[in-house]
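File shown: protein29.cif. Contents: mmCIF, C-alpha atoms and all ligand atoms.
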data_final
#
loop_
_atom_site.label_atom_id
_atom_site.label_comp_id
_atom_site.auth_asym_id
_atom_site.auth_seq_id
_atom_site.Cartn_x
_atom_site.Cartn_y
_atom_site.Cartn_z
CA GLU A 70 -3.51 25.98 4.92
CA THR A 71 -4.42 27.43 1.52
CA PRO A 72 -7.78 27.04 -0.27
CA GLU A 73 -5.90 25.21 -3.05
CA GLN A 74 -4.51 22.66 -0.59
CA HIS A 75 -7.98 22.10 0.86
CA ALA A 76 -9.52 21.75 -2.61
CA ALA A 77 -6.87 19.20 -3.66
CA PHE A 78 -7.39 17.26 -0.41
CA GLU A 79 -11.19 17.21 -0.82
CA ALA A 80 -10.76 16.02 -4.43
CA ARG A 81 -8.61 13.12 -3.19
CA ILE A 82 -11.30 12.20 -0.66
CA GLN A 83 -13.96 12.37 -3.38
CA ARG A 84 -11.86 10.05 -5.57
CA GLY A 85 -11.80 7.57 -2.67
CA GLU A 86 -8.01 7.81 -2.28
CA LYS A 87 -6.36 6.74 0.99
CA ILE A 88 -4.60 9.53 2.85
CA GLU A 89 -1.23 8.27 4.14
CA PRO A 90 0.91 9.60 7.04
CA GLY A 91 3.27 11.70 4.89
CA ASP A 92 0.47 13.28 2.82
CA TRP A 93 -0.78 16.83 3.26
CA MET A 94 -3.93 16.95 5.39
CA PRO A 95 -5.92 19.69 7.12
CA ALA A 96 -4.96 20.15 10.78
CA GLU A 97 -8.58 19.38 11.73
CA TYR A 98 -8.44 16.06 9.83
CA ARG A 99 -5.33 15.15 11.85
CA ARG A 100 -6.87 16.34 15.12
CA GLN A 101 -10.12 14.43 14.57
CA LEU A 102 -8.27 11.21 13.76
CA ILE A 103 -5.97 11.49 16.78
CA ARG A 104 -9.06 12.10 18.94
CA MET A 105 -10.99 9.15 17.51
CA ILE A 106 -8.15 6.63 17.17
CA SER A 107 -6.65 7.33 20.62
CA GLN A 108 -10.10 6.97 22.25
CA HIS A 109 -10.59 3.75 20.30
CA ALA A 110 -7.23 2.47 21.57
CA HIS A 111 -8.07 3.47 25.17
CA SER A 112 -11.39 1.61 24.78
CA GLU A 113 -9.60 -1.59 23.77
CA VAL A 114 -7.20 -1.39 26.72
CA VAL A 115 -9.85 -0.49 29.32
CA GLY A 116 -12.15 -3.06 27.66
CA MET A 117 -9.82 -5.82 28.89
CA LEU A 118 -10.77 -5.08 32.51
CA PRO A 119 -14.48 -6.05 32.75
CA GLU A 120 -13.87 -9.46 31.12
CA GLY A 121 -10.39 -9.98 32.56
CA GLU A 122 -11.82 -10.30 36.06
CA TRP A 123 -13.67 -13.48 34.96
CA ILE A 124 -10.65 -15.35 33.56
CA THR A 125 -9.94 -16.92 36.98
CA ARG A 126 -13.62 -17.80 37.38
CA ALA A 127 -14.41 -19.37 34.01
CA PRO A 128 -16.68 -22.45 34.35
CA SER A 129 -14.41 -24.70 32.24
CA LEU A 130 -10.91 -24.84 30.82
CA ARG A 131 -12.33 -24.33 27.31
CA ARG A 132 -14.15 -21.15 28.32
CA LYS A 133 -11.05 -19.93 30.17
CA LEU A 134 -8.83 -20.44 27.12
CA ILE A 135 -11.30 -18.66 24.83
CA LEU A 136 -11.61 -15.70 27.22
CA MET A 137 -7.83 -15.45 27.64
CA ALA A 138 -7.42 -15.37 23.85
CA LYS A 139 -10.08 -12.67 23.52
CA VAL A 140 -8.59 -10.42 26.23
CA GLN A 141 -5.13 -10.82 24.68
CA ASP A 142 -6.61 -9.83 21.30
CA GLU A 143 -8.03 -6.63 22.85
CA ALA A 144 -4.54 -5.73 24.10
CA GLY A 145 -3.22 -6.22 20.56
CA HIS A 146 -6.01 -4.07 19.13
CA GLY A 147 -5.00 -1.33 21.53
CA GLN A 148 -1.39 -1.55 20.28
CA TYR A 149 -2.39 -1.37 16.57
CA LEU A 150 -4.53 1.67 17.31
CA TYR A 151 -1.94 3.53 19.42
CA HIS A 152 0.49 2.93 16.52
CA ALA A 153 -2.07 4.26 14.04
CA ALA A 154 -2.42 7.41 16.16
CA GLU A 155 1.39 7.74 16.35
CA THR A 156 1.53 7.93 12.52
CA LEU A 157 -0.34 11.25 12.92
CA GLY A 158 2.24 12.65 15.33
CA ALA A 159 0.57 11.70 18.61
CA THR A 160 3.02 10.27 21.18
CA ARG A 161 2.30 7.15 23.23
CA GLU A 162 3.25 9.00 26.41
CA ALA A 163 0.82 11.87 25.75
CA MET A 164 -2.02 9.50 24.92
CA LEU A 165 -1.42 7.37 28.01
CA ASP A 166 -1.16 10.49 30.20
CA ALA A 167 -4.50 11.67 28.81
CA LEU A 168 -6.12 8.34 29.70
CA LEU A 169 -4.55 7.97 33.14
CA SER A 170 -5.37 11.57 34.11
CA GLY A 171 -9.04 11.02 33.25
CA GLN A 172 -8.88 13.65 30.51
CA ALA A 173 -9.32 11.22 27.58
CA LYS A 174 -12.58 9.43 26.78
CA TYR A 175 -12.95 5.71 26.22
CA SER A 176 -16.09 3.78 25.31
CA SER A 177 -18.92 4.17 27.84
CA ILE A 178 -19.70 0.46 27.61
CA PHE A 179 -16.64 -0.48 29.66
CA ASN A 180 -17.81 1.44 32.71
CA TYR A 181 -20.53 -1.14 33.31
CA PRO A 182 -19.92 -4.01 35.78
CA THR A 183 -19.72 -7.68 34.77
CA ARG A 184 -21.96 -9.22 37.44
CA SER A 185 -22.13 -12.83 36.22
CA TRP A 186 -20.30 -15.19 33.89
CA ALA A 187 -23.14 -14.76 31.35
CA ASP A 188 -22.05 -11.09 31.05
CA VAL A 189 -18.89 -12.36 29.34
CA GLY A 190 -21.08 -14.07 26.73
CA MET A 191 -23.37 -11.05 26.38
CA ILE A 192 -20.39 -8.70 25.93
CA GLY A 193 -19.21 -10.98 23.13
CA TRP A 194 -22.65 -11.03 21.49
CA LEU A 195 -23.69 -7.38 21.93
CA VAL A 196 -20.54 -5.30 22.51
CA ASP A 197 -18.36 -7.09 19.98
CA GLY A 198 -21.40 -7.35 17.70
CA ALA A 199 -21.83 -3.56 17.86
CA ALA A 200 -18.07 -3.05 17.50
CA ILE A 201 -18.09 -5.16 14.31
CA LYS A 202 -20.76 -2.95 12.75
CA ASN A 203 -18.82 0.19 13.68
CA GLN A 204 -15.38 -1.15 12.76
CA THR A 205 -16.51 -2.67 9.45
CA MET A 206 -17.71 0.83 8.56
CA LEU A 207 -14.36 2.32 9.63
CA ALA A 208 -12.43 -0.27 7.58
CA GLY A 209 -13.37 1.86 4.55
CA CYS A 210 -12.24 5.16 6.10
CA SER A 211 -10.02 7.55 4.17
CA TYR A 212 -7.01 7.39 6.53
CA GLY A 213 -4.83 4.44 5.41
CA PRO A 214 -3.33 3.26 8.71
CA TYR A 215 -6.72 3.34 10.51
CA SER A 216 -8.62 1.54 7.76
CA ARG A 217 -5.94 -1.18 7.57
CA ALA A 218 -5.95 -1.62 11.37
CA MET A 219 -9.73 -2.07 11.18
CA VAL A 220 -9.47 -4.87 8.62
CA ARG A 221 -7.24 -6.89 10.96
CA ILE A 222 -9.28 -6.07 14.06
CA CYS A 223 -12.62 -6.98 12.43
CA SER A 224 -11.47 -10.52 11.62
CA GLU A 225 -10.53 -11.11 15.27
CA GLU A 226 -13.70 -9.37 16.49
CA THR A 227 -15.78 -11.91 14.56
CA PHE A 228 -14.31 -14.69 16.70
CA HIS A 229 -15.08 -12.60 19.83
CA HIS A 230 -18.69 -12.18 18.74
CA LYS A 231 -19.23 -15.83 17.77
CA GLN A 232 -17.86 -17.23 21.04
CA GLY A 233 -20.18 -14.94 23.02
CA LYS A 234 -23.22 -15.82 20.95
CA GLU A 235 -22.48 -19.56 21.19
CA MET A 236 -22.22 -19.24 24.98
CA ILE A 237 -25.50 -17.32 25.35
CA VAL A 238 -27.44 -19.64 23.00
CA THR A 239 -26.18 -22.60 25.07
CA TYR A 240 -27.41 -21.00 28.32
CA ALA A 241 -30.71 -19.88 26.78
CA ARG A 242 -31.35 -23.53 25.85
CA GLY A 243 -29.99 -24.79 29.17
CA THR A 244 -31.44 -25.06 32.66
CA ALA A 245 -33.89 -22.48 34.01
CA GLY A 246 -31.05 -21.01 36.07
CA GLN A 247 -28.80 -20.65 33.01
CA ARG A 248 -31.61 -19.12 30.96
CA GLN A 249 -32.31 -16.60 33.75
CA MET A 250 -28.59 -15.73 33.98
CA ALA A 251 -28.54 -15.05 30.21
CA GLN A 252 -31.74 -12.98 30.40
CA ASP A 253 -30.39 -10.94 33.35
CA ALA A 254 -27.24 -10.22 31.33
CA LEU A 255 -29.33 -9.07 28.34
CA ASN A 256 -31.39 -6.85 30.61
CA ARG A 257 -28.22 -5.17 31.86
CA TRP A 258 -26.29 -4.87 28.57
CA TRP A 259 -28.96 -4.11 25.98
CA TRP A 260 -29.31 -0.34 26.43
CA PRO A 261 -25.58 0.33 27.12
CA ALA A 262 -24.82 -1.51 23.85
CA LEU A 263 -27.17 0.80 21.90
CA MET A 264 -25.60 3.85 23.57
CA MET A 265 -22.06 2.66 22.79
CA LEU A 266 -22.60 3.52 19.11
CA GLY A 267 -22.79 7.22 19.98
CA PRO A 268 -25.42 9.95 20.31
CA HIS A 269 -28.21 10.36 17.75
CA ASP A 270 -27.01 12.00 14.54
CA ALA A 271 -28.69 15.29 15.49
CA ASP A 272 -26.56 15.33 18.68
CA SER A 273 -23.28 14.20 17.07
CA PRO A 274 -21.10 17.33 16.65
CA ASN A 275 -18.12 15.47 15.11
CA SER A 276 -20.12 13.55 12.49
CA GLY A 277 -20.33 16.40 9.96
CA VAL A 278 -16.63 16.81 9.31
CA LEU A 279 -15.93 13.10 9.79
CA THR A 280 -18.47 12.28 7.08
CA ARG A 281 -17.27 15.04 4.73
CA TRP A 282 -13.70 13.76 4.93
CA GLY A 283 -14.58 10.08 4.49
CA ILE A 284 -13.71 8.96 8.02
CA LYS A 285 -17.26 8.02 9.05
CA LEU A 286 -18.92 6.21 6.14
CA LYS A 287 -22.16 5.66 8.10
CA SER A 288 -23.76 7.81 10.79
CA ASN A 289 -24.16 6.72 14.42
CA ASP A 290 -27.87 6.00 13.83
CA GLU A 291 -27.22 4.05 10.63
CA VAL A 292 -24.69 1.81 12.40
CA ARG A 293 -27.13 1.41 15.33
CA GLN A 294 -29.88 0.40 12.87
CA GLN A 295 -27.61 -2.24 11.30
CA PHE A 296 -26.90 -3.59 14.78
CA LEU A 297 -30.63 -3.76 15.65
CA ASP A 298 -31.68 -5.37 12.37
CA GLU A 299 -29.12 -8.17 12.76
CA HIS A 300 -29.25 -8.88 16.47
CA VAL A 301 -32.90 -8.40 17.52
CA PRO A 302 -34.15 -11.39 15.47
CA GLU A 303 -31.28 -13.58 16.69
CA LEU A 304 -31.81 -12.72 20.37
CA LEU A 305 -35.55 -13.41 20.03
CA GLU A 306 -34.79 -16.67 18.20
CA ALA A 307 -32.57 -17.70 21.14
CA GLY A 308 -35.69 -17.39 23.32
CA LEU A 309 -34.60 -14.21 25.12
CA SER A 310 -36.75 -11.12 25.56
CA ILE A 311 -35.41 -7.65 24.85
CA PRO A 312 -35.91 -5.08 27.65
CA ASP A 313 -37.55 -2.44 25.42
CA PRO A 314 -41.41 -2.55 25.49
CA LEU A 315 -41.57 -0.13 22.56
CA LEU A 316 -39.30 -2.22 20.29
CA HIS A 317 -41.17 -3.03 17.05
CA GLN A 318 -40.63 -3.61 13.36
CA ASP A 319 -41.66 -0.84 10.96
CA GLU A 320 -43.23 -1.44 7.55
CA GLN A 321 -39.77 -1.77 5.91
CA GLY A 322 -38.89 -4.48 8.44
CA HIS A 323 -36.42 -2.32 10.40
CA TRP A 324 -36.43 -2.76 14.17
CA ARG A 325 -37.27 0.52 15.92
CA HIS A 326 -36.20 0.97 19.56
CA GLY A 327 -37.85 2.99 22.32
CA PRO A 328 -36.26 6.24 23.62
CA ILE A 329 -32.65 5.93 24.84
CA ASP A 330 -31.83 7.46 28.24
CA TRP A 331 -29.03 9.82 27.12
CA SER A 332 -28.76 11.26 30.64
CA GLU A 333 -27.43 7.84 31.70
CA PHE A 334 -25.04 7.86 28.72
CA TRP A 335 -23.53 11.24 29.60
CA ALA A 336 -23.37 10.43 33.31
CA VAL A 337 -21.40 7.27 32.45
CA VAL A 338 -19.16 9.11 29.94
CA LYS A 339 -18.43 11.81 32.53
CA GLY A 340 -17.68 9.23 35.21
CA GLU A 341 -20.63 10.32 37.39
CA ARG A 342 -22.11 6.81 37.09
CA GLY A 343 -20.50 3.44 36.64
CA LEU A 344 -16.96 2.22 37.21
CA ASN A 345 -14.89 5.01 35.62
CA ARG A 346 -12.92 5.64 38.84
CA GLU A 347 -12.22 1.93 39.35
CA ARG A 348 -11.21 1.42 35.72
CA LEU A 349 -8.76 4.37 35.83
CA ALA A 350 -7.38 3.27 39.22
CA THR A 351 -6.65 -0.19 37.78
CA ARG A 352 -4.93 1.34 34.75
CA GLN A 353 -2.92 3.75 36.94
CA GLN A 354 -1.80 0.85 39.16
CA ALA A 355 -0.78 -1.19 36.10
CA HIS A 356 1.19 1.82 34.82
CA GLN A 357 2.99 2.18 38.14
CA ASP A 358 3.69 -1.56 38.28
CA GLY A 359 5.29 -1.29 34.84
CA ALA A 360 7.50 1.72 35.69
CA TRP A 361 10.57 -0.49 36.32
CA VAL A 362 10.35 -1.85 32.75
CA ARG A 363 10.35 1.68 31.29
CA GLU A 364 13.26 2.69 33.56
CA ALA A 365 15.25 -0.40 32.56
CA MET A 366 14.60 0.27 28.85
CA SER A 367 15.71 3.91 29.08
CA ALA A 368 18.79 2.95 31.16
CA TYR A 369 19.68 0.32 28.55
CA ALA A 370 19.09 2.79 25.70
CA ALA A 371 21.35 5.35 27.43
CA ARG A 372 24.11 2.75 27.96
CA THR A 373 23.99 1.41 24.41
CA ALA A 374 23.43 4.75 22.64
CA PRO A 375 26.24 5.31 20.10
CA THR A 376 28.80 7.79 21.53
CA ALA A 377 29.22 10.94 19.38
N1 LIG B 1 -18.36 6.41 24.88
C1 LIG B 1 -17.69 7.53 25.25
N2 LIG B 1 -17.77 8.71 24.56
C2 LIG B 1 -18.54 8.72 23.45
C3 LIG B 1 -19.23 7.58 22.99
C4 LIG B 1 -19.13 6.40 23.77
N3 LIG B 1 -19.77 5.27 23.42
N4 LIG B 1 -19.91 7.91 21.85
C5 LIG B 1 -19.63 9.21 21.62
N5 LIG B 1 -18.82 9.69 22.58
C6 LIG B 1 -18.30 11.06 22.68
C7 LIG B 1 -17.42 11.40 21.48
O1 LIG B 1 -16.08 10.99 21.73
C8 LIG B 1 -17.58 12.92 21.44
O2 LIG B 1 -16.79 13.50 22.45
P1 LIG B 1 -15.37 14.24 22.08
O3 LIG B 1 -15.69 15.20 20.95
O4 LIG B 1 -14.97 14.92 23.36
O5 LIG B 1 -14.43 13.13 21.66
C9 LIG B 1 -19.02 13.14 21.89
O6 LIG B 1 -19.40 11.95 22.60
C10 LIG B 1 -19.98 13.41 20.75
O7 LIG B 1 -20.13 12.23 20.01
P2 LIG B 1 -19.92 12.21 18.42
O8 LIG B 1 -20.94 11.30 17.84
O9 LIG B 1 -19.83 13.62 17.88
O10 LIG B 1 -18.47 11.56 18.35
P3 LIG B 1 -17.89 10.69 17.13
O11 LIG B 1 -18.27 11.31 15.83
O12 LIG B 1 -16.48 10.49 17.46
O13 LIG B 1 -18.71 9.29 17.21
C11 LIG B 1 -18.08 7.05 17.85
C12 LIG B 1 -18.58 8.43 18.33
C13 LIG B 1 -19.13 6.43 16.96
C14 LIG B 1 -17.79 6.16 19.08
C15 LIG B 1 -16.79 7.28 17.04
O14 LIG B 1 -15.88 8.00 17.83
C16 LIG B 1 -16.11 6.00 16.59
O15 LIG B 1 -16.57 5.35 15.66
N6 LIG B 1 -14.99 5.66 17.26
C17 LIG B 1 -14.17 4.53 16.85
C18 LIG B 1 -14.74 3.25 17.40
C19 LIG B 1 -14.63 3.18 18.91
O16 LIG B 1 -14.02 3.98 19.55
N7 LIG B 1 -15.26 2.18 19.49
C20 LIG B 1 -15.23 2.05 20.95
C21 LIG B 1 -15.49 0.66 21.33
S1 LIG B 1 -14.04 -0.30 21.09
C22 LIG B 1 -14.62 -1.86 21.24
O17 LIG B 1 -15.79 -2.05 21.26
C23 LIG B 1 -13.62 -2.95 21.33
C24 LIG B 1 -14.24 -4.27 21.12
O18 LIG B 1 -13.18 -5.17 21.00
C25 LIG B 1 -15.09 -4.67 22.27
#
In C-alpha cells, what does this structure look like?
Amino acid sequence: ETPEQHAAFEARIQRGEKIEPGDWMPAEYRRQLIRMISQHAHSEVVGMLPEGEWITRAPSLRRKLILMAKVQDEAGHGQYLYHAAETLGATREAMLDALLSGQAKYSSIFNYPTRSWADVGMIGWLVDGAAIKNQTMLAGCSYGPYSRAMVRICSEETFHHKQGKEMIVTYARGTAGQRQMAQDALNRWWWPALMMLGPHDADSPNSGVLTRWGIKLKSNDEVRQQFLDEHVPELLEAGLSIPDPLLHQDEQGHWRHGPIDWSEFWAVVKGERGLNRERLATRQQAHQDGAWVREAMSAYAARTAPTA
C-alpha cells in the first residue's frame, strides 16, 4: 500500500464517493468492514431466536402473522449482509464458522431472554427503534454494498418498530395487567437497548478509523442521543415510566441518562451473562439439521459439473 494510493483513497472519501467491491481500498478498510458487516449479519440471524420462540404463543392470529413476517425479514437482512461481506472477499463458510465456534461477536441485545409476550412489542419499539437510528446512519456509509443494504433494511425495520410500538401503546392503555406487563418489559429492555448502540465514544477503539473513512457517520453516543431524544418522550406519553432515576432533560432539551453499567455489557458480550450459550447451541443445532441440504447441493454440483 503506497502513500499515493492512500492519499487517492482518502480524497475519494472526502469527495463523498462510494467505494465499490473492485476498487482499491486499504486492507484495514476491508478488514473493518468485514468485521462490522459480518457481526451485523450474525446479529440479524441470532436476533430471530428471542422473538421466534413467541410465534407459537402469539395472543391472536394477527399478532402471529406480524411476528412471522418480522422474523422472516430478519433472516433476509442476514442474507443481504452476508452477501455484502462476501463482496469484500469474506466467505460464507468462514463467517458461519466464526459464529458457530463462538469466536465472532453479535449484538449483545440478543442474549437477553424474552420473558413475556410484551417483550416482543418492546423489542420492536426499543431494539428496532435503536437499530433504525444506527442503520439510517450507516445508509450513508462510504462502502457501496453496505450502504445500499441499509437502505432496504431500514424500510423494513420501520414496519418492525411501528408494530412493536402499536402493541405496547395498546397494552399501556389496556387493563392493569397489560400495563404492568408492558412496564415490566420496559424495565428489562431499557438499559440493554442503550448498551446495544456500543460503548461510549471514549471507549470505542474502532470509531476513529471508521469515522475517518466515512463508515460511521455518527458516533456511538450521537446515535444513542438520537434514540433517547425520540423515544423517551413517546414512552412517557404512553404512560410508562423509564427505569433510570437520573434521566432528565438538559437546557437544550436533550434527554440525559444515568450511568450505564458497562460491566454488564461486557459480561453479556463475552457470554459470561445472558443466553450466549443457548443462542449458539440453537444455531449449531440448526446448522447440523441443515447439513443434508449442503451435502445434496454439493453432490448435485459434482454430478452436473461440466466434464473437462
Ligand atoms: N454487542 C456486541 N459487541 C459490541 C456491541 C454490541 N452491542 N457494541 C460494540 N461491540 C463490540 C465491537 O464489535 C468491538 O469489538 P470488536 O473490535 O472485537 O469487533 C468492541 O465492542 C468495541 O466497540 P466499538 O464501538 O469500537 O465497535 P464499533 O465501532 O464496531 O461500534 C457498533 C459498535 C455501533 C455496534 C457498530 O459495530 C455498528 O454500527 N455495527 C453495525 C450495526 C449492528 O451490528 N447492529 C447490531 C444490531 S442488528 C439489529 O438490531 C437487527 C434489528 O433488526 C433488530
Go through chain A residue by residue and, counting only C-alpha atoms and all ligand atoms, keep those with an atom at most 7 Å from ligand LIG 1 (chain B); for each kept residue give the shortest atom pair and its distance in Å to one decimal, ordered by chain and increasing number, as a Markdown table.
| residue | atom | partner | partner_atom | distance |
| --- | --- | --- | --- | --- |
| A:Arg104 | CA | B:LIG1 | O5 | 6.1 |
| A:Met105 | CA | B:LIG1 | O14 | 5.0 |
| A:Ile106 | CA | B:LIG1 | C17 | 6.4 |
| A:Gln108 | CA | B:LIG1 | O16 | 5.6 |
| A:His109 | CA | B:LIG1 | O16 | 3.5 |
| A:Ser112 | CA | B:LIG1 | S1 | 4.9 |
| A:Glu113 | CA | B:LIG1 | C23 | 4.9 |
| A:Gly116 | CA | B:LIG1 | C25 | 6.3 |
| A:Glu143 | CA | B:LIG1 | O18 | 5.7 |
| A:Lys174 | CA | B:LIG1 | C1 | 5.7 |
| A:Tyr175 | CA | B:LIG1 | C1 | 5.2 |
| A:Ser176 | CA | B:LIG1 | N1 | 3.5 |
| A:Ser177 | CA | B:LIG1 | N1 | 3.8 |
| A:Ile178 | CA | B:LIG1 | N3 | 6.4 |
| A:Val196 | CA | B:LIG1 | C25 | 5.5 |
| A:Asp197 | CA | B:LIG1 | C25 | 4.7 |
| A:Ala200 | CA | B:LIG1 | O17 | 4.5 |
| A:Asn203 | CA | B:LIG1 | O15 | 6.0 |
| A:Gln204 | CA | B:LIG1 | C18 | 6.4 |
| A:Glu226 | CA | B:LIG1 | O18 | 6.2 |
| A:Met264 | CA | B:LIG1 | N3 | 6.0 |
| A:Met265 | CA | B:LIG1 | N3 | 3.5 |
| A:Leu266 | CA | B:LIG1 | C13 | 5.0 |
| A:Gly267 | CA | B:LIG1 | N4 | 3.5 |
| A:Pro268 | CA | B:LIG1 | O8 | 5.3 |
| A:Asp270 | CA | B:LIG1 | O8 | 6.9 |
| A:Asp272 | CA | B:LIG1 | O8 | 7.0 |
| A:Ser273 | CA | B:LIG1 | O9 | 3.6 |
| A:Pro274 | CA | B:LIG1 | O9 | 4.1 |
| A:Asn275 | CA | B:LIG1 | O9 | 3.7 |
| A:Ser276 | CA | B:LIG1 | O11 | 4.4 |
| A:Leu279 | CA | B:LIG1 | O11 | 6.7 |
| A:Asn289 | CA | B:LIG1 | C13 | 5.6 |
| A:Val338 | CA | B:LIG1 | C1 | 5.2 |
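For the choices A:Leu309, A:Cys223, A:Ala153, A:Leu130, the atom-to-atom distance to Thr239 of chain A is smallest for A:Leu309 when using only C-alpha atoms.
What separates atom CA of Lys287 of chain A from atom CA of His323 of chain A is a distance of 16.5 Å.
Across the model, the gap from atom CA of Cys210 of chain A to atom CA of Gln172 of chain A is 26.1 Å.
Once Pro261 of chain A and its same-chain neighbours fewer than 2 positions away are set aside, A:Ser177, A:Ile178, A:Phe179, A:Asn180, A:Tyr181, A:Leu195, A:Val196, A:Asn256, A:Arg257, A:Trp258, A:Trp259, A:Leu263, A:Met264, A:Met265, A:Leu266, A:Ile329, A:Asp330, A:Glu333, A:Phe334, A:Val337 remain within 10 Å of it when counting all atoms listed in the file.
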